[in-house]
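What follows is the content of target-v2.txt, which has compact mmCIF, C-alpha atoms:
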# COMPACT_ATOMS: atom_id res chain seq x y z
CA MET A 1 27.23 11.49 -35.32
CA ALA A 2 25.63 8.27 -36.50
CA GLU A 3 26.31 7.64 -40.18
CA THR A 4 24.50 5.49 -42.69
CA ARG A 5 26.58 4.98 -45.78
CA GLY A 6 25.01 5.85 -49.09
CA THR A 7 22.25 7.93 -47.55
CA ILE A 8 21.83 11.67 -47.72
CA LYS A 9 21.91 13.50 -44.42
CA ALA A 10 20.01 16.78 -44.48
CA GLU A 11 19.83 19.57 -41.94
CA LYS A 12 16.14 20.31 -42.41
CA ARG A 13 13.00 18.55 -43.63
CA GLY A 14 12.75 18.56 -47.39
CA ALA A 15 16.45 19.11 -48.02
CA GLU A 16 16.76 15.49 -49.18
CA ARG A 17 14.72 16.51 -52.23
CA LYS A 18 17.48 18.80 -53.49
CA PRO A 19 17.73 18.70 -57.29
CA ALA A 20 18.99 15.28 -58.31
CA LYS A 21 21.17 16.90 -60.95
CA ARG A 22 23.49 18.37 -58.30
CA ILE A 23 23.69 15.06 -56.40
CA LEU A 24 24.56 13.13 -59.56
CA GLU A 25 27.09 15.78 -60.55
CA CYS A 26 28.95 15.39 -57.25
CA LEU A 27 28.82 11.59 -57.29
CA SER A 28 30.06 11.44 -60.87
CA LYS A 29 33.26 13.24 -59.87
CA VAL A 30 34.21 10.49 -57.40
CA ALA A 31 32.74 7.49 -59.24
CA PRO A 32 34.85 4.36 -59.88
CA GLY A 33 36.83 4.75 -63.08
CA THR A 34 37.70 8.41 -62.45
CA ASP A 35 41.21 9.54 -61.54
CA LEU A 36 39.88 11.33 -58.47
CA ARG A 37 38.34 8.10 -57.12
CA LEU A 38 41.63 6.26 -57.73
CA GLY A 39 43.48 8.92 -55.78
CA ILE A 40 40.97 8.67 -52.94
CA GLU A 41 41.43 4.89 -52.83
CA HIS A 42 45.21 5.34 -52.57
CA ILE A 43 44.67 7.69 -49.62
CA ILE A 44 42.35 5.17 -47.93
CA LYS A 45 44.85 2.35 -48.31
CA ALA A 46 47.65 4.51 -46.91
CA LYS A 47 45.39 5.51 -43.96
CA THR A 48 46.64 9.09 -44.08
CA GLY A 49 43.21 10.71 -44.34
CA GLY A 50 42.57 13.75 -46.47
CA LEU A 51 40.50 16.87 -47.06
CA LEU A 52 39.75 17.87 -50.65
CA VAL A 53 37.96 20.97 -51.90
CA ILE A 54 36.69 20.85 -55.49
CA GLY A 55 36.55 24.40 -56.80
CA ASN A 56 38.71 27.49 -56.74
CA SER A 57 36.10 30.24 -56.52
CA ASP A 58 36.74 33.46 -54.63
CA GLU A 59 34.60 32.08 -51.78
CA VAL A 60 36.86 29.04 -51.46
CA LEU A 61 40.07 31.03 -51.56
CA ALA A 62 38.67 33.39 -48.92
CA VAL A 63 38.49 30.57 -46.33
CA THR A 64 41.95 29.14 -47.02
CA ASP A 65 45.18 30.15 -45.33
CA GLY A 66 48.80 29.13 -45.85
CA GLY A 67 49.89 26.05 -47.73
CA PHE A 68 51.75 25.71 -51.01
CA LEU A 69 50.85 26.80 -54.51
CA ILE A 70 51.10 23.66 -56.67
CA ASP A 71 49.13 24.38 -59.87
CA CYS A 72 49.96 21.14 -61.65
CA LYS A 73 48.01 18.59 -63.68
CA PHE A 74 46.05 16.19 -61.52
CA SER A 75 47.14 12.59 -61.09
CA PRO A 76 46.03 10.02 -58.48
CA PHE A 77 49.61 9.50 -57.25
CA LYS A 78 50.25 13.23 -56.83
CA LEU A 79 47.07 13.50 -54.79
CA TYR A 80 48.14 10.55 -52.64
CA GLU A 81 51.58 12.04 -51.97
CA LEU A 82 50.19 15.50 -51.13
CA ALA A 83 47.61 13.98 -48.77
CA LYS A 84 50.47 12.89 -46.50
CA MET A 85 50.54 16.51 -45.31
CA ASP A 86 47.89 17.56 -42.79
CA GLY A 87 46.21 20.42 -44.64
CA ALA A 88 43.50 20.54 -47.28
CA ILE A 89 44.11 20.10 -51.01
CA ILE A 90 42.37 22.53 -53.38
CA LEU A 91 41.47 21.30 -56.88
CA ASN A 92 39.91 23.26 -59.73
CA GLU A 93 36.23 22.88 -60.63
CA ASP A 94 36.58 19.78 -62.83
CA ALA A 95 39.34 18.26 -60.66
CA SER A 96 41.80 18.30 -63.56
CA ARG A 97 44.44 20.35 -61.72
CA ILE A 98 45.83 20.46 -58.19
CA LEU A 99 46.04 24.12 -57.19
CA TYR A 100 47.05 24.22 -53.52
CA ALA A 101 48.19 21.73 -50.90
CA ASN A 102 48.62 21.74 -47.13
CA THR A 103 46.26 24.71 -46.80
CA GLN A 104 44.25 25.44 -43.67
CA LEU A 105 40.50 25.87 -44.00
CA ILE A 106 39.07 28.64 -41.81
CA PRO A 107 35.29 28.68 -42.41
CA ASP A 108 32.87 30.71 -40.31
CA PRO A 109 32.78 28.96 -36.88
CA SER A 110 29.22 30.13 -36.28
CA LEU A 111 27.92 27.80 -39.01
CA SER A 112 26.11 24.85 -37.44
CA THR A 113 27.54 21.34 -37.70
CA LEU A 114 26.81 18.02 -36.03
CA GLU A 115 30.24 16.62 -36.85
CA THR A 116 32.72 15.95 -34.05
CA GLY A 117 36.07 15.44 -35.82
CA THR A 118 38.11 18.52 -36.72
CA ARG A 119 38.48 17.48 -40.37
CA HIS A 120 34.78 16.74 -40.83
CA ARG A 121 33.67 19.92 -39.06
CA ALA A 122 35.90 22.01 -41.32
CA ALA A 123 34.62 20.13 -44.39
CA GLU A 124 30.94 20.67 -43.60
CA ARG A 125 31.33 24.33 -42.72
CA THR A 126 33.45 25.01 -45.80
CA ALA A 127 30.85 23.36 -48.05
CA ARG A 128 28.06 25.41 -46.47
CA GLN A 129 29.93 28.68 -46.74
CA THR A 130 31.38 28.31 -50.23
CA GLY A 131 28.91 26.05 -52.06
CA ALA A 132 31.82 23.86 -53.21
CA LEU A 133 32.03 20.08 -53.04
CA VAL A 134 34.23 19.14 -50.09
CA ILE A 135 35.47 15.56 -49.59
CA SER A 136 36.61 14.35 -46.20
CA ILE A 137 38.52 11.05 -46.02
CA SER A 138 38.67 9.55 -42.54
CA GLN A 139 42.11 8.46 -41.42
CA LYS A 140 41.05 5.51 -39.27
CA ARG A 141 37.59 4.43 -40.45
CA ASP A 142 38.03 4.29 -44.25
CA VAL A 143 34.97 6.53 -44.63
CA VAL A 144 34.65 8.99 -47.52
CA SER A 145 32.14 11.79 -46.87
CA LEU A 146 30.92 14.27 -49.48
CA TYR A 147 29.59 17.65 -48.36
CA PHE A 148 27.61 19.88 -50.74
CA ASP A 149 24.54 22.14 -50.65
CA GLY A 150 24.01 21.53 -46.94
CA LEU A 151 23.99 17.75 -47.48
CA LYS A 152 26.28 14.94 -46.44
CA TYR A 153 26.70 11.78 -48.50
CA VAL A 154 28.83 8.87 -47.29
CA LEU A 155 30.17 6.64 -50.06
CA GLU A 156 29.49 2.93 -49.78
CA ASP A 157 31.48 -0.11 -50.75
CA ILE A 158 30.92 -1.06 -54.40
CA ARG A 159 29.56 -4.51 -53.45
CA VAL A 160 26.94 -2.93 -51.21
CA VAL A 161 25.87 -0.48 -53.92
CA LEU A 162 25.61 -3.31 -56.46
CA ALA A 163 23.39 -5.29 -54.08
CA LYS A 164 21.14 -2.26 -53.62
CA CYS A 165 21.01 -1.77 -57.38
CA ASN A 166 19.85 -5.32 -57.99
CA GLN A 167 17.20 -5.02 -55.30
CA ALA A 168 15.99 -1.70 -56.73
CA LEU A 169 15.87 -3.19 -60.24
CA GLN A 170 13.65 -6.03 -59.04
CA THR A 171 11.36 -3.55 -57.29
CA LEU A 172 11.27 -1.32 -60.36
CA GLU A 173 10.34 -4.25 -62.60
CA ARG A 174 7.41 -5.19 -60.36
CA TYR A 175 6.12 -1.62 -60.20
CA LYS A 176 6.62 -1.13 -63.94
CA ASN A 177 4.63 -4.27 -64.75
CA ARG A 178 1.76 -3.01 -62.62
CA LEU A 179 2.02 0.43 -64.22
CA ASP A 180 1.86 -1.11 -67.70
CA GLN A 181 -1.36 -2.91 -66.71
CA VAL A 182 -3.17 0.17 -65.39
CA SER A 183 -1.85 2.29 -68.28
CA ALA A 184 -3.18 -0.18 -70.84
CA ASN A 185 -6.52 -0.19 -69.04
CA LEU A 186 -6.66 3.62 -69.09
CA THR A 187 -5.80 3.70 -72.79
CA ALA A 188 -8.61 1.24 -73.59
CA LEU A 189 -11.05 3.36 -71.58
CA GLU A 190 -9.87 6.52 -73.37
CA PHE A 191 -10.76 5.02 -76.74
CA GLU A 192 -14.25 4.25 -75.41
CA ASP A 193 -14.51 7.60 -73.60
CA LEU A 194 -15.17 5.78 -70.31
CA ALA A 195 -12.20 6.91 -68.23
CA THR A 196 -12.81 8.05 -64.67
CA LEU A 197 -10.74 10.14 -62.30
CA PHE A 198 -9.97 6.94 -60.38
CA ASP A 199 -8.32 5.40 -63.46
CA VAL A 200 -6.27 8.53 -64.11
CA THR A 201 -5.05 9.02 -60.54
CA THR A 202 -4.17 5.32 -60.29
CA VAL A 203 -1.86 5.61 -63.32
CA LEU A 204 -0.46 8.89 -62.01
CA GLN A 205 0.28 7.32 -58.63
CA ARG A 206 2.01 4.29 -60.16
CA SER A 207 4.03 6.33 -62.63
CA GLU A 208 5.23 8.69 -59.89
CA MET A 209 6.37 5.70 -57.82
CA VAL A 210 8.22 4.23 -60.79
CA LEU A 211 9.96 7.55 -61.37
CA ARG A 212 11.04 7.68 -57.71
CA ILE A 213 12.61 4.22 -57.96
CA SER A 214 14.36 5.07 -61.23
CA THR A 215 15.79 8.25 -59.68
CA GLU A 216 17.19 6.17 -56.83
CA LEU A 217 18.71 3.77 -59.35
CA GLU A 218 20.29 6.63 -61.30
CA ARG A 219 22.04 7.73 -58.11
CA TYR A 220 23.38 4.22 -57.53
CA ILE A 221 24.52 3.96 -61.15
CA CYS A 222 26.31 7.29 -60.90
CA GLU A 223 28.02 6.15 -57.71
CA LEU A 224 29.08 2.90 -59.41
CA GLY A 225 30.69 4.72 -62.33
CA THR A 226 32.17 2.25 -64.81
CA GLU A 227 30.86 -0.63 -62.69
CA GLY A 228 27.26 0.36 -63.37
CA ARG A 229 27.07 0.20 -67.16
CA LEU A 230 25.07 -3.03 -67.38
CA ILE A 231 22.62 -1.84 -64.75
CA GLU A 232 22.20 1.43 -66.65
CA MET A 233 21.30 -0.53 -69.79
CA GLN A 234 18.67 -2.49 -67.87
CA LEU A 235 17.24 0.71 -66.41
CA ASN A 236 16.98 2.36 -69.83
CA GLU A 237 15.21 -0.71 -71.24
CA LEU A 238 12.73 -0.81 -68.37
CA MET A 239 11.92 2.90 -68.43
CA GLY A 240 11.52 3.33 -72.20
CA THR A 241 9.21 6.32 -72.78
CA MET A 242 8.07 6.37 -69.16
CA VAL A 243 9.19 9.96 -68.44
CA ASP A 244 7.38 11.35 -71.49
CA ASP A 245 4.26 9.29 -70.76
CA HIS A 246 4.15 10.67 -67.22
CA ALA A 247 4.42 14.25 -68.47
CA ASN A 248 1.78 13.68 -71.15
CA LEU A 249 -0.60 12.09 -68.63
CA ILE A 250 -0.50 15.28 -66.55
CA ARG A 251 -1.07 17.43 -69.64
CA ASP A 252 -3.98 15.21 -70.67
CA TYR A 253 -5.92 15.46 -67.42
CA ALA A 254 -4.87 18.59 -65.54
CA VAL A 255 -7.87 20.92 -65.28
CA SER A 256 -5.67 23.67 -66.70
CA ASP A 257 -2.97 22.71 -69.19
CA SER A 258 -1.15 26.04 -69.22
CA PRO A 259 2.65 25.57 -69.06
CA LYS A 260 2.81 27.40 -65.73
CA ARG A 261 0.14 25.20 -64.19
CA ILE A 262 1.69 21.98 -65.53
CA LYS A 263 5.03 22.96 -64.00
CA GLU A 264 3.33 23.67 -60.66
CA ILE A 265 1.71 20.22 -60.71
CA ARG A 266 4.99 18.46 -61.48
CA ASP A 267 6.81 20.41 -58.77
CA THR A 268 4.08 19.58 -56.25
CA LEU A 269 4.26 15.87 -57.08
CA GLU A 270 8.06 15.88 -56.70
CA GLN A 271 7.73 17.41 -53.23
CA ARG A 272 5.28 14.78 -52.00
CA ARG A 273 6.67 12.06 -49.77
CA PRO A 274 5.98 8.43 -50.81
CA LYS A 275 3.27 8.01 -48.15
CA GLU A 276 1.53 11.14 -49.41
CA LEU A 277 1.13 9.54 -52.85
CA LEU A 278 -1.14 6.82 -51.46
CA SER A 279 -4.19 9.09 -51.41
CA LEU A 280 -5.80 9.21 -54.86
CA SER A 281 -8.02 12.08 -53.70
CA ASP A 282 -4.94 14.18 -52.98
CA LEU A 283 -3.60 13.43 -56.47
CA ALA A 284 -6.94 14.50 -57.96
CA ASP A 285 -6.71 17.71 -55.94
CA ILE A 286 -3.19 18.36 -57.30
CA LEU A 287 -4.58 18.01 -60.84
CA GLY A 288 -7.18 20.66 -59.97
CA TYR A 289 -10.33 18.60 -59.41
CA PRO A 290 -12.76 19.05 -56.47
CA THR A 291 -11.81 17.10 -53.35
CA ASP A 292 -15.32 15.89 -52.56
CA VAL A 293 -16.04 13.98 -55.80
CA ASN A 294 -16.42 10.21 -56.11
CA LEU A 295 -13.37 9.21 -58.13
CA LEU A 296 -15.03 6.06 -59.48
CA GLU A 297 -17.96 8.03 -60.87
CA TYR A 298 -16.29 11.23 -62.01
CA SER A 299 -15.84 10.96 -65.80
CA VAL A 300 -12.87 12.66 -67.46
CA SER A 301 -11.72 12.98 -71.05
CA SER A 302 -8.18 12.94 -72.39
CA ARG A 303 -6.77 15.78 -74.46
CA GLY A 304 -4.78 13.20 -76.44
CA TYR A 305 -1.11 13.96 -75.75
CA ARG A 306 -0.28 10.52 -74.34
CA ILE A 307 -1.92 8.40 -77.04
CA LEU A 308 -0.81 10.60 -79.92
CA SER A 309 2.78 10.31 -78.71
CA LYS A 310 2.53 6.58 -79.51
CA VAL A 311 1.79 7.28 -83.17
CA PRO A 312 5.00 6.48 -85.12
CA HIS A 313 6.95 9.40 -86.61
CA LEU A 314 4.50 12.02 -85.33
CA PRO A 315 6.49 15.09 -84.21
CA VAL A 316 5.67 17.01 -81.05
CA SER A 317 4.64 20.08 -83.03
CA ALA A 318 2.02 18.04 -84.91
CA ILE A 319 0.67 16.65 -81.63
CA GLU A 320 0.42 20.17 -80.20
CA ASN A 321 -1.46 21.41 -83.28
CA MET A 322 -3.79 18.41 -83.22
CA VAL A 323 -4.73 18.87 -79.56
CA LYS A 324 -5.10 22.62 -79.95
CA HIS A 325 -7.40 22.16 -82.94
CA PHE A 326 -9.70 19.42 -81.57
CA GLN A 327 -9.39 20.03 -77.78
CA SER A 328 -10.13 16.36 -76.90
CA PHE A 329 -8.90 12.92 -77.89
CA GLN A 330 -12.38 11.65 -78.72
CA LYS A 331 -12.79 14.32 -81.39
CA ILE A 332 -9.39 13.39 -82.83
CA PHE A 333 -10.20 9.67 -82.80
CA ASN A 334 -13.60 10.14 -84.44
CA ALA A 335 -12.40 12.66 -87.02
CA ASP A 336 -12.10 11.49 -90.62
CA VAL A 337 -9.07 12.11 -92.81
CA GLU A 338 -10.58 15.27 -94.32
CA GLU A 339 -11.02 16.79 -90.86
CA LEU A 340 -7.49 15.85 -89.79
CA VAL A 341 -6.03 17.50 -92.89
CA ARG A 342 -7.44 20.85 -91.72
CA VAL A 343 -4.96 20.84 -88.83
CA GLU A 344 -1.90 22.99 -89.46
CA GLY A 345 1.05 20.90 -90.63
CA CYS A 346 -1.02 17.76 -91.24
CA GLY A 347 -1.07 16.69 -94.87
CA PRO A 348 -3.12 13.82 -96.37
CA GLY A 349 -0.34 11.27 -95.82
CA ARG A 350 0.15 12.18 -92.16
CA ALA A 351 -3.60 12.33 -91.58
CA GLN A 352 -4.05 8.82 -92.98
CA SER A 353 -1.11 7.56 -90.89
CA ILE A 354 -2.66 9.00 -87.71
CA LYS A 355 -6.02 7.45 -88.52
CA ASP A 356 -4.52 4.01 -89.20
CA SER A 357 -2.24 4.12 -86.15
CA LEU A 358 -5.06 5.05 -83.78
CA ARG A 359 -7.19 2.23 -85.20
CA ARG A 360 -4.38 -0.29 -84.63
CA LEU A 361 -3.73 1.00 -81.10
CA ASN A 362 -7.40 0.63 -80.31
CA GLU A 363 -7.46 -2.94 -81.58
CA LEU A 364 -4.34 -3.86 -79.62
CA ASN A 365 -5.72 -2.39 -76.41
CA MET A 366 -9.02 -4.23 -76.88
CA LEU A 367 -7.12 -7.49 -77.25
CA ASP A 368 -5.05 -6.78 -74.13
CA LYS A 369 -8.18 -5.96 -72.18
CA TYR A 370 -10.29 -8.98 -73.08
CA ILE A 371 -7.73 -11.74 -73.69
Would you kindly transcribe this structure into structure tokens?
Amino acid sequence: MAETRGTIKAEKRGAERKPAKRILECLSKVAPGTDLRLGIEHIIKAKTGGLLVIGNSDEVLAVTDGGFLIDCKFSPFKLYELAKMDGAIILNEDASRILYANTQLIPDPSLSTLETGTRHRAAERTARQTGALVISISQKRDVVSLYFDGLKYVLEDIRVVLAKCNQALQTLERYKNRLDQVSANLTALEFEDLATLFDVTTVLQRSEMVLRISTELERYICELGTEGRLIEMQLNELMGTMVDDHANLIRDYAVSDSPKRIKEIRDTLEQRRPKELLSLSDLADILGYPTDVNLLEYSVSSRGYRILSKVPHLPVSAIENMVKHFQSFQKIFNADVEELVRVEGCGPGRAQSIKDSLRRLNELNMLDKYI
């Protein structure tokens, strides 16, 4: 089976979009700086190979046979010594204890696998049958393969991952700069009530692309472990409030802003492939708008979530009450202090702060637009 290190191999279309949380959880267990990764590196250097199962559930124990009960505290050197035996090593869920060694894995042979080596075939089938993370360390090729949730992930050399991180950071910076431009343009148009569906879908497209790149970077950072701290700092600085802005943009312009509908929209966007994000008409359709409209001429109005979130010290509950009371950003922006005070939880001081902040944001966006 041809292998590409650092890429996820999936059995069926769409499996590569498995929840990122599970992928990061598995990578974090074998990241540089962890005792488990140190033990794996000892095994690689010794060229003994190894088969590790992380988890001691009933499903795991049901596919194991023979071996020795160890039940001792984990250490990299103990793992290295035990790997000299041919069988699998069973660790507990957080890999803090070594439970069994030299055990034989007997998963269901009817489970499909594209692997050819005995160790890798047993690893993939065990992972499929039990749901546990199974790590196969090749004896001759210095390849470490992770199997989980029907996926295979081959760990890369740290230098290769660092190079990919730097390339992804450069790409993210370019996309983020472009996103900031179209977002500022949309904000200026929102103050003037001149936004069109084209402006909204353009920002939505760019923000979704930025989120895809950041997700890829998070995976690299997790794989780097302690080696990825500086890159993580750069990522956090670049992203800022990007995730919240993306969510608020959808809430501002979805035809229906019910929680159920908003979740459906976000799930649909996550399932789209990068090429499918190129069509602005499709993005408008996901938001609930007709597919036959002219995006450049179709006027839309913001509910106000995104801009109000930029008002300093304004809690989410106050934003919710403000939008619920006025229904549109234009009504909020044009309201005087007396009208804002009528909103639940908005006293005179907060009302004046909102009014002043929106005025300053408008002035800043006008300067950005015309200078």
Using only C-alpha atoms, which of A:Ser75, A:Gln330, A:Ser57, A:Ser110 sits nearest Glu93 of chain A? A:Ser57
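Excluding segment 100-106 of chain A and any residue on its chain fewer than 4 positions from it, the residues at most 9 Å away by all atoms listed in the file are Val60, Ala62, Val63, Thr64, Asp65, Gly66, Gly67, Phe68, Leu69, Ile70, Asp71, Leu82, Ala83, Met85, Asp86, Gly87, Ala88, Ile89, Ile90, Leu91, Ala122, Ala123, Arg125 and Thr126 of chain A.
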For Asn166 of chain A: contacts at 9 Å, all atoms listed in the file, fewer than 5 positions along chain excluded, given as a PyMOL selection string: chain A and resi 161+171+231
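When only C-alpha atoms are used to measure the gap to Arg37 of chain A, the shortest distance among A:Val53, A:Lys140, A:Glu115, A:Leu224 belongs to A:Leu224.
Nearest residue to Gly33 of chain A among A:Glu223, A:Asp94, A:Glu173, A:Glu190 is A:Glu223, counting all atoms listed in the file.
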Using all atoms listed in the file, which residue out of A:Val134, A:Ala318, A:Ile354, A:Val210 lies closest to Pro274 of chain A? A:Val210
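With only C-alpha atoms as the atoms that count, the residue of A:Gly345, A:Arg159, A:Thr201, A:Lys78 with the shortest distance to Asp285 of chain A is A:Thr201.
Interatomic distance, atom CA of Glu297 of chain A against atom CA of Arg273 of chain A: 27.3 Å.
Minimum atom-to-atom distances from A:Phe74, A:Tyr153, A:Tyr175, A:Phe198 to Leu280 of chain A were compared using all atoms listed in the file, and the lowest value belongs to A:Phe198.
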Please report the interatomic distance between atom CA of Asn185 of chain A and atom CA of His313 of chain A in Å with one decimal. 24.1 Å
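Within the 9 Å cut-off around Leu27 of chain A, using all atoms listed in the file and omitting residues fewer than 6 positions from it on the same chain, the listed residues are Leu146, Leu155, Arg219, Cys222, Glu223, Leu224 and Gly225 of chain A.
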C-alpha atoms of the current selection, written as a PDB file, keeping the file's coordinate frame:
ATOM      1  CA  LEU A 146      30.920  14.270 -49.480  1.00  0.00           C
ATOM      2  CA  LEU A 155      30.170   6.640 -50.060  1.00  0.00           C
ATOM      3  CA  ARG A 219      22.040   7.730 -58.110  1.00  0.00           C
ATOM      4  CA  CYS A 222      26.310   7.290 -60.900  1.00  0.00           C
ATOM      5  CA  GLU A 223      28.020   6.150 -57.710  1.00  0.00           C
ATOM      6  CA  LEU A 224      29.080   2.900 -59.410  1.00  0.00           C
ATOM      7  CA  GLY A 225      30.690   4.720 -62.330  1.00  0.00           C
TER       8      GLY A 225
END
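Our summary of the geometry notes that atom CA of Phe333 of chain A is positioned 26.3 Å from atom CA of Arg206 of chain A.
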Show me, as an MDAnalysis selection string, the residues that have an atom within 12 Å of Asp257 of chain A when counting all atoms listed in the file, minus same-chain residues fewer than 6 positions from it. chainID A and resid 247:251 263:266 287:288 302:303 305 320 323:324 327
Take every atom of segment 229-245 of chain A listed in the file, pad by 6 Å on each side, and give me the axis-aligned box centre and edge lengths in Å, one decimal, as JSON.
{"center_x": 15.7, "center_y": 4.2, "center_z": -68.8, "size_x": 34.8, "size_y": 26.4, "size_z": 20.0}
Which residues come within 10 Å of Val337 of chain A, counting all atoms listed in the file, excluding same-chain residues fewer than 2 positions away, as a PyMOL selection string? chain A and resi 334-335+339-342+346-356
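Applying the 7 Å criterion to (31.7, 4.5, -43.7) in file coordinates and using all atoms listed in the file, one obtains the residues A:Arg5, A:Arg141, A:Asp142, A:Val143, A:Val144, A:Val154, A:Leu155, A:Glu156.
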